[in-house]
file work39.pdb (PDB, C-alpha atoms, pLDDT in the B column)
ATOM      1  CA  MET A   1     -18.411 -38.004 -10.967  1.00 35.00           C
ATOM      2  CA  ALA A   2     -17.807 -41.676 -11.763  1.00 36.00           C
ATOM      3  CA  ILE A   3     -17.116 -44.261  -9.088  1.00 36.00           C
ATOM      4  CA  THR A   4     -14.257 -46.630  -9.791  1.00 34.00           C
ATOM      5  CA  LEU A   5     -14.150 -49.966  -7.988  1.00 37.00           C
ATOM      6  CA  ILE A   6     -10.495 -50.877  -8.227  1.00 37.00           C
ATOM      7  CA  GLY A   7      -9.757 -54.436  -7.223  1.00 40.00           C
ATOM      8  CA  CYS A   8     -13.342 -55.214  -6.217  1.00 41.00           C
ATOM      9  CA  ASP A   9     -15.329 -58.144  -7.580  1.00 41.00           C
ATOM     10  CA  SER A  10     -18.606 -56.442  -8.384  1.00 40.00           C
ATOM     11  CA  SER A  11     -20.162 -59.690  -9.664  1.00 40.00           C
ATOM     12  CA  GLU A  12     -20.920 -60.670  -6.074  1.00 43.00           C
ATOM     13  CA  MET A  13     -22.044 -57.237  -4.872  1.00 44.00           C
ATOM     14  CA  ASN A  14     -25.529 -55.867  -4.526  1.00 45.00           C
ATOM     15  CA  SER A  15     -26.221 -52.196  -4.243  1.00 47.00           C
ATOM     16  CA  PRO A  16     -26.727 -50.843  -0.756  1.00 50.00           C
ATOM     17  CA  ASN A  17     -30.307 -51.415   0.451  1.00 47.00           C
ATOM     18  CA  GLU A  18     -31.047 -53.676  -2.523  1.00 48.00           C
ATOM     19  CA  THR A  19     -33.281 -56.553  -1.448  1.00 48.00           C
ATOM     20  CA  ASP A  20     -32.057 -59.868  -2.784  1.00 51.00           C
ATOM     21  CA  LYS A  21     -33.566 -63.192  -1.784  1.00 58.00           C
ATOM     22  CA  LYS A  22     -30.198 -64.862  -2.522  1.00 74.00           C
ATOM     23  CA  ALA A  23     -28.341 -62.656  -0.041  1.00 72.00           C
ATOM     24  CA  VAL A  24     -26.762 -64.645   2.770  1.00 91.00           C
ATOM     25  CA  ASN A  25     -24.255 -62.094   3.982  1.00 94.00           C
ATOM     26  CA  HIS A  26     -25.231 -58.648   5.206  1.00 96.00           C
ATOM     27  CA  VAL A  27     -23.235 -55.627   6.339  1.00 97.00           C
ATOM     28  CA  LEU A  28     -24.805 -52.655   8.085  1.00 98.00           C
ATOM     29  CA  LEU A  29     -23.045 -49.290   7.794  1.00 98.00           C
ATOM     30  CA  LEU A  30     -24.121 -46.551  10.211  1.00 98.00           C
ATOM     31  CA  GLN A  31     -22.870 -42.966  10.425  1.00 98.00           C
ATOM     32  CA  VAL A  32     -22.607 -40.974  13.661  1.00 97.00           C
ATOM     33  CA  ASP A  33     -21.477 -37.350  13.941  1.00 96.00           C
ATOM     34  CA  TYR A  34     -18.080 -37.047  15.644  1.00 93.00           C
ATOM     35  CA  THR A  35     -18.790 -33.973  17.767  1.00 93.00           C
ATOM     36  CA  THR A  36     -22.401 -34.632  18.814  1.00 95.00           C
ATOM     37  CA  ASN A  37     -22.560 -38.456  18.704  1.00 95.00           C
ATOM     38  CA  LYS A  38     -25.866 -38.102  16.844  1.00 97.00           C
ATOM     39  CA  PHE A  39     -26.933 -40.945  14.553  1.00 98.00           C
ATOM     40  CA  GLU A  40     -27.222 -39.536  11.015  1.00 98.00           C
ATOM     41  CA  GLY A  41     -28.168 -42.518   8.830  1.00 98.00           C
ATOM     42  CA  GLY A  42     -26.901 -45.662   7.216  1.00 98.00           C
ATOM     43  CA  THR A  43     -27.225 -48.344   4.597  1.00 98.00           C
ATOM     44  CA  GLU A  44     -27.264 -52.117   4.345  1.00 97.00           C
ATOM     45  CA  PHE A  45     -25.175 -54.133   1.899  1.00 97.00           C
ATOM     46  CA  ASN A  46     -26.372 -57.573   0.808  1.00 97.00           C
ATOM     47  CA  PHE A  47     -24.032 -60.178  -0.659  1.00 96.00           C
ATOM     48  CA  SER A  48     -24.801 -63.589  -2.130  1.00 95.00           C
ATOM     49  CA  LYS A  49     -21.510 -65.127  -0.961  1.00 94.00           C
ATOM     50  CA  GLN A  50     -21.019 -66.370   2.610  1.00 92.00           C
ATOM     51  CA  THR A  51     -17.652 -66.008   4.356  1.00 92.00           C
ATOM     52  CA  ASN A  52     -16.064 -67.326   7.531  1.00 88.00           C
ATOM     53  CA  GLY A  53     -14.822 -63.936   8.634  1.00 92.00           C
ATOM     54  CA  PHE A  54     -15.480 -60.229   8.551  1.00 95.00           C
ATOM     55  CA  THR A  55     -12.292 -58.259   8.094  1.00 96.00           C
ATOM     56  CA  ILE A  56     -12.237 -54.670   6.902  1.00 96.00           C
ATOM     57  CA  VAL A  57      -8.990 -53.392   5.447  1.00 94.00           C
ATOM     58  CA  ASN A  58      -8.305 -49.900   4.277  1.00 91.00           C
ATOM     59  CA  GLU A  59      -6.487 -48.462   1.354  1.00 93.00           C
ATOM     60  CA  TYR A  60      -5.267 -44.988   2.137  1.00 90.00           C
ATOM     61  CA  LYS A  61      -3.668 -42.279   0.055  1.00 89.00           C
ATOM     62  CA  ALA A  62      -2.368 -39.561   2.328  1.00 82.00           C
ATOM     63  CA  PRO A  63      -3.490 -36.111   1.282  1.00 82.00           C
ATOM     64  CA  GLY A  64      -0.614 -34.040  -0.077  1.00 78.00           C
ATOM     65  CA  ASP A  65      -3.436 -31.787  -1.102  1.00 82.00           C
ATOM     66  CA  PHE A  66      -5.991 -34.463  -1.993  1.00 87.00           C
ATOM     67  CA  GLY A  67      -6.146 -38.016  -0.737  1.00 90.00           C
ATOM     68  CA  TRP A  68      -8.682 -40.773  -0.186  1.00 93.00           C
ATOM     69  CA  VAL A  69      -9.584 -43.771   1.892  1.00 94.00           C
ATOM     70  CA  LYS A  70     -11.334 -46.996   0.867  1.00 97.00           C
ATOM     71  CA  LEU A  71     -12.678 -49.611   3.266  1.00 97.00           C
ATOM     72  CA  ILE A  72     -12.856 -53.080   1.764  1.00 97.00           C
ATOM     73  CA  TYR A  73     -14.545 -56.240   3.023  1.00 97.00           C
ATOM     74  CA  LYS A  74     -11.428 -58.400   2.726  1.00 97.00           C
ATOM     75  CA  GLU A  75     -13.021 -61.850   2.506  1.00 97.00           C
ATOM     76  CA  LEU A  76     -15.224 -60.772  -0.428  1.00 97.00           C
ATOM     77  CA  ASN A  77     -12.922 -58.097  -1.865  1.00 97.00           C
ATOM     78  CA  GLU A  78     -15.903 -55.712  -1.849  1.00 97.00           C
ATOM     79  CA  LEU A  79     -15.876 -51.958  -1.393  1.00 98.00           C
ATOM     80  CA  LEU A  80     -17.886 -50.773   1.634  1.00 98.00           C
ATOM     81  CA  PHE A  81     -16.811 -47.137   1.781  1.00 97.00           C
ATOM     82  CA  GLU A  82     -14.811 -44.612  -0.219  1.00 97.00           C
ATOM     83  CA  GLY A  83     -14.222 -40.985   0.662  1.00 95.00           C
ATOM     84  CA  THR A  84     -11.879 -38.209  -0.349  1.00 94.00           C
ATOM     85  CA  ILE A  85      -9.635 -36.355   2.086  1.00 90.00           C
ATOM     86  CA  HIS A  86      -8.463 -32.783   1.570  1.00 87.00           C
ATOM     87  CA  TRP A  87      -5.591 -31.018   3.243  1.00 83.00           C
ATOM     88  CA  MET A  88      -6.869 -27.655   4.508  1.00 79.00           C
ATOM     89  CA  GLY A  89     -10.265 -28.370   2.897  1.00 81.00           C
ATOM     90  CA  THR A  90     -13.094 -30.889   3.108  1.00 89.00           C
ATOM     91  CA  GLY A  91     -13.443 -34.109   1.130  1.00 91.00           C
ATOM     92  CA  LYS A  92     -16.644 -36.082   0.740  1.00 94.00           C
ATOM     93  CA  MET A  93     -18.079 -39.558   0.829  1.00 95.00           C
ATOM     94  CA  ILE A  94     -18.125 -41.073  -2.666  1.00 96.00           C
ATOM     95  CA  TYR A  95     -19.382 -44.594  -1.925  1.00 97.00           C
ATOM     96  CA  PRO A  96     -21.999 -45.323  -0.949  1.00 97.00           C
ATOM     97  CA  ASP A  97     -23.320 -42.310  -2.821  1.00 94.00           C
ATOM     98  CA  LYS A  98     -26.049 -41.756  -0.237  1.00 94.00           C
ATOM     99  CA  LEU A  99     -27.226 -43.037   3.116  1.00 97.00           C
ATOM    100  CA  GLU A 100     -30.769 -43.584   4.291  1.00 98.00           C
ATOM    101  CA  PRO A 101     -31.648 -40.860   6.823  1.00 98.00           C
ATOM    102  CA  ALA A 102     -31.792 -41.650  10.539  1.00 97.00           C
ATOM    103  CA  ASN A 103     -35.621 -41.657  10.546  1.00 96.00           C
ATOM    104  CA  TYR A 104     -35.565 -44.525   8.014  1.00 97.00           C
ATOM    105  CA  PHE A 105     -34.342 -46.840  10.789  1.00 97.00           C
ATOM    106  CA  GLU A 106     -36.855 -48.147  13.304  1.00 97.00           C
ATOM    107  CA  SER A 107     -35.863 -47.734  16.928  1.00 94.00           C
ATOM    108  CA  THR A 108     -36.913 -49.498  20.080  1.00 91.00           C
ATOM    109  CA  LEU A 109     -37.646 -47.938  23.448  1.00 86.00           C
ATOM    110  CA  THR A 110     -35.259 -49.585  25.832  1.00 81.00           C
ATOM    111  CA  GLN A 111     -33.182 -48.779  28.847  1.00 81.00           C
ATOM    112  CA  ASP A 112     -30.694 -51.595  28.399  1.00 87.00           C
ATOM    113  CA  VAL A 113     -27.374 -51.272  26.618  1.00 88.00           C
ATOM    114  CA  TYR A 114     -26.724 -54.061  24.117  1.00 88.00           C
ATOM    115  CA  LEU A 115     -22.953 -54.398  23.757  1.00 87.00           C
ATOM    116  CA  PRO A 116     -21.193 -56.467  21.087  1.00 89.00           C
ATOM    117  CA  GLY A 117     -19.763 -59.776  22.337  1.00 87.00           C
ATOM    118  CA  LYS A 118     -16.180 -59.020  21.281  1.00 92.00           C
ATOM    119  CA  GLY A 119     -16.182 -55.255  21.675  1.00 89.00           C
ATOM    120  CA  PHE A 120     -14.905 -52.851  19.049  1.00 91.00           C
ATOM    121  CA  GLU A 121     -12.128 -52.813  16.480  1.00 90.00           C
ATOM    122  CA  ASN A 122     -10.708 -49.484  15.344  1.00 89.00           C
ATOM    123  CA  ILE A 123     -10.032 -49.587  11.600  1.00 89.00           C
ATOM    124  CA  GLN A 124      -7.115 -47.177  11.464  1.00 79.00           C
ATOM    125  CA  HIS A 125      -5.130 -45.462   8.771  1.00 69.00           C
ATOM    126  CA  PRO A 126      -1.821 -43.666   9.389  1.00 63.00           C
ATOM    127  CA  ASN A 127      -3.455 -40.375  10.413  1.00 62.00           C
ATOM    128  CA  SER A 128      -6.107 -41.937  12.663  1.00 64.00           C
ATOM    129  CA  PRO A 129      -6.216 -40.741  16.250  1.00 64.00           C
ATOM    130  CA  ASP A 130      -5.781 -43.460  18.873  1.00 65.00           C
ATOM    131  CA  PHE A 131      -8.860 -44.327  20.885  1.00 68.00           C
ATOM    132  CA  GLU A 132      -9.530 -46.679  23.760  1.00 66.00           C
ATOM    133  CA  GLU A 133     -12.476 -49.070  23.663  1.00 63.00           C
ATOM    134  CA  GLU A 134     -14.358 -47.010  26.262  1.00 65.00           C
ATOM    135  CA  ASP A 135     -14.152 -44.030  23.871  1.00 76.00           C
ATOM    136  CA  TYR A 136     -16.558 -45.882  21.588  1.00 87.00           C
ATOM    137  CA  LEU A 137     -19.329 -46.183  24.171  1.00 87.00           C
ATOM    138  CA  ASN A 138     -20.944 -42.793  23.412  1.00 88.00           C
ATOM    139  CA  VAL A 139     -20.763 -43.549  19.689  1.00 94.00           C
ATOM    140  CA  TRP A 140     -22.309 -46.966  20.281  1.00 95.00           C
ATOM    141  CA  LEU A 141     -25.087 -45.517  22.457  1.00 93.00           C
ATOM    142  CA  ALA A 142     -26.198 -43.465  19.436  1.00 95.00           C
ATOM    143  CA  VAL A 143     -27.100 -46.634  17.480  1.00 97.00           C
ATOM    144  CA  GLN A 144     -27.536 -49.570  19.874  1.00 95.00           C
ATOM    145  CA  TYR A 145     -31.274 -48.864  20.281  1.00 94.00           C
ATOM    146  CA  LEU A 146     -31.962 -49.372  16.549  1.00 97.00           C
ATOM    147  CA  VAL A 147     -34.015 -52.462  15.725  1.00 97.00           C
ATOM    148  CA  LYS A 148     -31.667 -53.274  12.814  1.00 97.00           C
ATOM    149  CA  VAL A 149     -28.608 -53.144  15.095  1.00 97.00           C
ATOM    150  CA  ARG A 150     -30.252 -55.506  17.555  1.00 96.00           C
ATOM    151  CA  GLU A 151     -31.157 -57.872  14.712  1.00 96.00           C
ATOM    152  CA  TYR A 152     -27.503 -57.946  13.652  1.00 96.00           C
ATOM    153  CA  LEU A 153     -26.306 -58.539  17.217  1.00 95.00           C
ATOM    154  CA  ASP A 154     -28.902 -61.276  17.769  1.00 94.00           C
ATOM    155  CA  ALA A 155     -27.808 -62.987  14.542  1.00 94.00           C
ATOM    156  CA  ASN A 156     -24.121 -62.720  15.434  1.00 90.00           C
ATOM    157  CA  THR A 157     -23.785 -62.297  19.195  1.00 88.00           C
ATOM    158  CA  ASP A 158     -20.045 -62.955  19.109  1.00 88.00           C
ATOM    159  CA  GLN A 159     -19.134 -60.253  16.639  1.00 91.00           C
ATOM    160  CA  GLN A 160     -16.677 -57.435  16.994  1.00 93.00           C
ATOM    161  CA  ILE A 161     -18.050 -54.098  15.789  1.00 95.00           C
ATOM    162  CA  LYS A 162     -15.791 -52.356  13.277  1.00 95.00           C
ATOM    163  CA  ILE A 163     -15.480 -48.610  13.780  1.00 94.00           C
ATOM    164  CA  PHE A 164     -13.741 -46.030  11.593  1.00 93.00           C
ATOM    165  CA  LEU A 165     -13.312 -42.290  12.024  1.00 92.00           C
ATOM    166  CA  TYR A 166     -13.633 -40.659   8.602  1.00 92.00           C
ATOM    167  CA  THR A 167     -11.787 -37.345   8.626  1.00 88.00           C
ATOM    168  CA  PRO A 168     -12.421 -35.652   5.257  1.00 91.00           C
ATOM    169  CA  SER A 169     -10.481 -32.620   6.488  1.00 84.00           C
ATOM    170  CA  VAL A 170      -6.928 -32.845   7.810  1.00 77.00           C
ATOM    171  CA  GLY A 171      -4.128 -30.413   8.537  1.00 74.00           C
ATOM    172  CA  VAL A 172      -6.137 -27.767  10.325  1.00 71.00           C
ATOM    173  CA  GLY A 173      -8.956 -30.344  10.112  1.00 74.00           C
ATOM    174  CA  ASP A 174     -12.469 -29.411  11.097  1.00 85.00           C
ATOM    175  CA  PRO A 175     -13.908 -31.974  13.551  1.00 88.00           C
ATOM    176  CA  LEU A 176     -17.393 -30.697  12.621  1.00 92.00           C
ATOM    177  CA  THR A 177     -16.969 -32.591   9.311  1.00 91.00           C
ATOM    178  CA  TRP A 178     -15.696 -35.834  10.856  1.00 91.00           C
ATOM    179  CA  LYS A 179     -17.935 -38.926  10.962  1.00 95.00           C
ATOM    180  CA  TRP A 180     -17.853 -42.204  12.831  1.00 95.00           C
ATOM    181  CA  LEU A 181     -18.591 -45.170  10.554  1.00 97.00           C
ATOM    182  CA  ILE A 182     -19.844 -48.305  12.302  1.00 97.00           C
ATOM    183  CA  PHE A 183     -19.968 -51.687  10.559  1.00 98.00           C
ATOM    184  CA  LEU A 184     -21.890 -54.781  11.693  1.00 97.00           C
ATOM    185  CA  ASN A 185     -22.080 -58.146   9.936  1.00 96.00           C
ATOM    186  CA  LYS A 186     -24.575 -61.005   9.889  1.00 93.00           C
TER     187      LYS A 186
END

call {"tool": "encode", "arguments": {"input": "work39.pdb", "output": "structure tokens"}}
result
Amino acid sequence: MAITLIGCDSSEMNSPNETDKKAVNHVLLLQVDYTTNKFEGGTEFNFSKQTNGFTIVNEYKAPGDFGWVKLIYKELNELLFEGTIHWMGTGKMIYPDKLEPANYFESTLTQDVYLPGKGFENIQHPNSPDFEEEDYLNVWLAVQYLVKVREYLDANTDQQIKIFLYTPSVGVGDPLTWKWLIFLNK
């Protein structure tokens, strides 16, 4: 299956987890299971262009039978996530094509909770459930002990964490297939 980057400037994009000494802008994507709040893995994007903001917008095609969602880093016009959505079925993540497993990420033993300076922003699409900021705490607890997360928070203490609930199944959707996507920027 081919990946199409519609409206994205791929000249400024590096592949997820690609090390680039020119990279000055980094985005960390982490995935947490919706029903268990278990950290499942993630990836890091590296960009050579600096921005003054970190806005994620979504493009959404509602599933008549088949739909999709794309999350785009607005300031760079770069794709961060793409997944299909099926009515009465289950879609799948298309981009990134794979995530590093949870054991790839180093963790730290700590009893403190490191919260983002400006809290959380729910990146919604028309079928997104409404959540309150306190609803994100259990999701956040699944990743806040990761060394990489703490590096991102230390580098940008004033950031607002972007959170998205990817629901590849809708209609009689199966919450066992739903995933929290968490985005940090430095």

call {"tool": "closest_residue", "arguments": {"input": "work39.pdb", "among": "A:Thr43, A:Thr177, A:Thr167, A:Thr157", "to": "Gln124 in chain A", "atoms": "only C-alpha atoms"}}
result
A:Thr167

call {"tool": "resolve_selection", "arguments": {"input": "work39.pdb", "expression": "the PyMOL selection byres ((chain A and resi 26-30) around 9)", "output": "list in words"}}
result
Ala23, Val24, Asn25, Gln31, Val32, Phe39, Glu40, Gly41, Gly42, Thr43, Glu44, Phe45, Asn46, Phe47, Ser48, Leu80, Phe81, Leu99, Val143, Lys148, Val149, Tyr152, Trp180, Leu181, Ile182, Phe183, Leu184, Asn185 and Lys186 of chain A

call {"tool": "atom_distance", "arguments": {"input": "work39.pdb", "atom1": "CA of Met93 in chain A", "atom2": "CA of Trp178 in chain A"}}
result
11.0 Å

call {"tool": "atom_distance", "arguments": {"input": "work39.pdb", "atom1": "CA of Asp158 in chain A", "atom2": "CA of Thr108 in chain A"}}
result
21.6 Å

call {"tool": "atom_distance", "arguments": {"input": "work39.pdb", "atom1": "CA of Val147 in chain A", "atom2": "CA of Gly117 in chain A"}}
result
17.3 Å

call {"tool": "resolve_selection", "arguments": {"input": "work39.pdb", "expression": "the PyMOL selection byres ((chain A and resi 84-88) around 7)", "output": "list of chain:residue names"}}
result
A:Pro63, A:Gly64, A:Asp65, A:Phe66, A:Gly67, A:Trp68, A:Val69, A:Gly83, A:Gly89, A:Thr90, A:Gly91, A:Lys92, A:Met93, A:Thr167, A:Pro168, A:Ser169, A:Val170, A:Gly171, A:Val172, A:Gly173

call {"tool": "closest_residue", "arguments": {"input": "work39.pdb", "among": "A:Ile56, A:Ala142, A:Ile72, A:Ala62", "to": "Ser107 in chain A", "atoms": "all atoms listed in the file"}}
result
A:Ala142

call {"tool": "closest_residue", "arguments": {"input": "work39.pdb", "among": "A:Lys22, A:Ala155, A:Tyr95, A:Val139", "to": "Lys179 in chain A", "atoms": "only C-alpha atoms"}}
result
A:Val139

call {"tool": "residues_near_point", "arguments": {"input": "work39.pdb", "point": "(-18.7, -46.1, 23.4)", "cutoff": "12 Å", "atoms": "all atoms listed in the file", "output": "list in words"}}
result
Val32, Tyr34, Asn37, Val113, Tyr114, Leu115, Pro116, Gly119, Phe120, Glu121, Asn122, Phe131, Glu132, Glu133, Glu134, Asp135, Tyr136, Leu137, Asn138, Val139, Trp140, Leu141, Ala142, Val143, Gln144, Ile161, Ile163, Trp180 and Ile182 of chain A

call {"tool": "residues_near_point", "arguments": {"input": "work39.pdb", "point": "(-11.9, -54.9, 3.1)", "cutoff": "12 Å", "atoms": "all atoms listed in the file", "output": "ChimeraX atom specification"}}
result
/A:7-9,27,53-60,69-82,123,162,183
